[in-house]
Amino acid sequence: MNDDELLITSQTSGAMISFSPLLKATYKERAEKLKDEFVDVLSEVPELSKPHIVETIRKLGLSNVFHTEIMDALDSIVSNLNANNVDFEEDILDTSLSFRLLRQHGYHASEDMFINFIGEMDLRKGEAGSKSDFRGILELFEATRLALDGEEVMEKVKTFSYQYLTDNFLDMDINLAKQVAYASENPCHRKVLWFDVRHQIHTYELEDNKNLILLELAKLNFNIVQDMHLEDLKQMSRWWKNLGLIENMSFTRDRLVESFLWTVGVACEPQHALLRKCLTKVVTFVLVLDDAYDIYGSLEELECFTRTVDRWDYEEVDQLPECMKICFQALVTTTNEIAKDIQKDKCWNNNDVSPFLKTGWADFCKALLLEAWWDKKRCIPSLEDYLSSAWITSSGPLLSLVALLCTTDGKPEELYEKWEDNQDLIYYTSLVIRLLNDQGTSAAELERGDAHSSILCYMEEASVTEAIAREHMKDIIDSAWSKINMELLNAKTEQQTFVNLVINTARVCHFIYQKGDGFSVQDGDTKKKIKRLLIEPIKL
C-alpha cells in the first residue's frame with residue numbers, strides 16, 4: 001500500500017479496492033451496451049410513466065448518463081400539459097412528481113397545476129387515507145419545496161399536505177412513516193442525490209417490477225464513477241502531503257478526505273474532475289483559515305495577516321508567527337496552481353484568472369477578521385450585522401467563484417458580468433450554508449471557544465431560548481430556498497450547469513450538518529458515507 005492509500009485508509013478505516021485497466025475498460029464497454037439497450041426501452045415508455053422513469057433514473061445516479069433522454073422526456077411532459085393531452089389532475093402523485101421534476105430542471109411549471117386539487121382538500125381533512133393516498137400527499141409535500149415567494153396556491157397545498165401527513169402518521173406502515181419523517185427535515189429537493197445512490201440501488205433491486213438492464217447499469221456506473229473519485233482522492237492526498245501545511249499548524253483540522261467528499265457532493269460527474277480538484281484545495285484552506293481566525297491568532301496578528309492577503313505580498317509577513325507565514329505562502333502557491341490549472345483547461349493562455357481568486361480570498365479573510373473582532377471584544381452583533389459578514393465566511397462565494405471559473409464556456413472577459421448576474425443566487429446559497437453550519441456546529445464551536453453563531457446572536461437580540469432561535473433560523477433557511485428556486489427557474493439554458501453546482505453547495509451542507517458538525521467530528525454518518533461512496537464498490 002503506497003503513502004496515498006495509507007493516508008486515505010487511516011482517515012476512513014477502509015480497505016481500498018482499485019480496478020485494473022482491463023476491468024475498467026470492460027466495465028465501460030458493458031455500460032455503453034446497457035445504455036443503448038435502455039434507450040430503446042425509454043422510447044416505449046407511456047406518457048403517464050415518464051415522470052416516474054425520470055425519477056428512477058435520477059435516484060439511481062444515472063442523470064449524467066441519460067441527460068438527453070431526461071430532457072426529452074420533460075419536454076414531452078410540458079408539451080402534453082400545454083396541449084391538455086394528459087389529465088394529471090386525476091392522480092396527485094403524477095401531478096406532484098411532474099411539477100417537482102420540471103421545476104428542478106428549470107422549467108416554468110405553474111402552480112395552477114394544483115388548482116383543481118385545492119377544492120378536494122377540505123373533503124380530505126380528517127378522513128382516513130390509503131397507502132396510495134399517503135404516497136401521493138407525500139409527493140405533494142415534496143413538490144411544495146419548489147415553491148416561490150408569493151405563490152398562494154403552493155402555500156395552501158403546503159399547509160394541507162403537512163397537516164394531512166401529520167394527522168395520519170400513526171396509520172402509515174413503518175417504511176412510509178420513515179419517509180414522511182425524513183422528508184419533513186430533508187426534502188428531496190435539498191438532498192445530494194449521489195450521497196443516497198447506494199441505498200437507492202439496493203431499494204430498487206428489491207422491487208418486483210425493476211428493470212434488470214437499468215439495475216445492472218446503475219451498479220456498473222456507480223463503480224466506474226467511484227473508481228474515478230478514488231483516483232482523484234489519491235491525487236489530492238499527494239498534494240496535501242507535499243504541501244506540508246498540517247505539520248506546521250497543529251491547531252487546525254486535518255480534513256482532506258471530508259473536504260473531498262464535500263466536492264463529490266457538489267460535482268460527482270466524471271466531467272467535473274478539475275472542479276473537484278480545485279474545490280478540494282479551496283475547502284481545505286477554508287478550514288485552515290477559519291481555525292486560524294477562530295482559535296489561534298491574536299487580533300493584531302489577524303489584522304496583519306488580513307492586510308497581507310489583501311495586498312497579496314510579503315511586505316508585513318515577517319511580523320507574523322511562523323505558522324501563519326507558512327500558511328500564507330501555501331495559500332499563494334495553491335491559488336497559483338488553481339489558476340494555472342483552470343487557464344490550461346480553458347486554453348486561456350493570455351488571461352490570468354488569479355485576480356478573481358485573490359479578491360475572493362481577501363473578502364473571505366476580511367469577513368473572518370470582523371467576526372474575530374466581535375469575538376475577542378466580547379461583542380455580540382445583531383443578527384443582521386452578523387449575517388452581513390457570515391454569508392461570506394460561509395465560503396459560499398469562494399466556492400461559487402471556483403465553480404464559475406471551472407465550468408464557464410464563455411470568454412474570460414465575460415467572467416465579471418456572469419459573476420455579477422448571479423449574485424442573488426450566490427448570496428442565498430451562501431446564507432443557507434452559514435445557517436446550516438451554525439445549526440450543526442453552534443454547540444461545538446461554543447465549547448471550543450469559537451466566534452458567535454446566528455443562534456446566539458438572535459437569542460441575545462430577541463431574548464429568546466435556543467430552541468426558538470433555531471426555529472427562526474430554519475424559517476430563514478426556508479425563505480432563502482424559495483429565492484434559490486426563483487434563481488433556478490430564471491437561469492438561462494447555458495447557465496444551468498453552474499446554477500445547479502452552486503445550489504449543490506447548499507445541498508451538501510444539509511447532509512454535512514444534519515446531525516451535528518460533519519467536519520469537526522470524524523465519527524458517525526460522514527465517516528460511513530466516505531467508506532460507502534469512495535472506498536467500497538458495489539458487488540455485481
# chains A, B, ... in the order shown; residues from 1 in each chain; ligands from 1

$ residues_around --residues "Met324 (chain A)" --least-positions-apart "4" --cutoff "8 Å" --atoms "only C-alpha atoms" --output "PyMOL selection string"
chain A and resi 305+320+328

$ residues_around --residues "Phe260 (chain A)" --least-positions-apart "4" --cutoff "12 Å" --atoms "only C-alpha atoms" --output "PyMOL selection string"
chain A and resi 8+229-237+240+254-256+264-268+273+275-284+508+519+526+529-530+533-534

$ closest_residue --among "A:Asn211, A:Ser463, A:Thr95, A:Ser43" --to "Thr56 (chain A)" --atoms "only C-alpha atoms"
A:Asn211

$ closest_residue --among "A:Asp345, A:Glu420, A:Glu413, A:Asp291" --to "His272 (chain A)" --atoms "only C-alpha atoms"
A:Asp345

$ residues_around --residues "Leu405 (chain A)" --least-positions-apart "5" --cutoff "8 Å" --atoms "only C-alpha atoms" --output "count of residues only"
3

$ residues_around --residues "region 185-201 of chain A" --least-positions-apart "2" --cutoff "8 Å" --atoms "only C-alpha atoms" --output "NGL selection string"
:A and (58-61 or 104 or 142 or 145-146 or 181-183 or 203-205 or 215 or 218-219 or 265-266 or 268 or 504 or 506-508 or 510-511 or 529 or 532-533 or 538)

$ write_last_selection --atoms "C-alpha atoms" --output "tab-separated table (two decimals), in the first residue's frame"
chain	number	residue	atom	x	y	z
A	58	ARG	CA	-32.15	10.25	-11.10
A	59	LYS	CA	-32.30	8.23	-7.88
A	60	LEU	CA	-30.03	5.54	-9.35
A	61	GLY	CA	-27.34	8.12	-10.12
A	104	GLN	CA	-35.89	21.17	-10.59
A	142	GLU	CA	-42.15	17.37	-1.62
A	145	ARG	CA	-40.36	22.69	-1.52
A	146	LEU	CA	-40.05	24.08	-5.06
A	181	ALA	CA	-40.42	11.90	8.89
A	182	TYR	CA	-37.30	12.17	6.74
A	183	ALA	CA	-38.97	14.38	4.12
A	203	THR	CA	-34.00	-0.45	-2.73
A	204	TYR	CA	-34.59	-0.70	-6.48
A	205	GLU	CA	-33.07	-4.19	-6.53
A	215	LEU	CA	-30.22	-2.08	-12.35
A	218	ALA	CA	-26.66	1.64	-12.15
A	219	LYS	CA	-24.26	-0.72	-10.36
A	265	GLY	CA	-21.50	16.09	-3.40
A	266	VAL	CA	-21.18	19.31	-5.40
A	268	CYS	CA	-19.88	13.94	-8.80
A	504	ASN	CA	-25.37	21.77	-4.70
A	506	ALA	CA	-26.12	24.24	-0.12
A	507	ARG	CA	-27.41	20.70	-0.59
A	508	VAL	CA	-24.13	19.21	0.63
A	510	HIS	CA	-27.86	19.82	4.51
A	511	PHE	CA	-26.08	16.45	4.72
A	529	LYS	CA	-20.58	7.87	3.81
A	532	ARG	CA	-19.58	3.61	1.05
A	533	LEU	CA	-19.09	6.33	-1.56
A	538	ILE	CA	-20.99	-2.47	-5.20

$ atom_distance --atom1 "CA of Met473 (chain A)" --atom2 "CA of Tyr458 (chain A)"
8.9 Å

$ residues_around --residues "Val502 (chain A)" --least-positions-apart "4" --cutoff "8 Å" --atoms "only C-alpha atoms" --output "list in words"
Val266, Leu399, Ser400, Ala403, Leu425, Ile426, Thr429, Phe498 and Ala506 of chain A
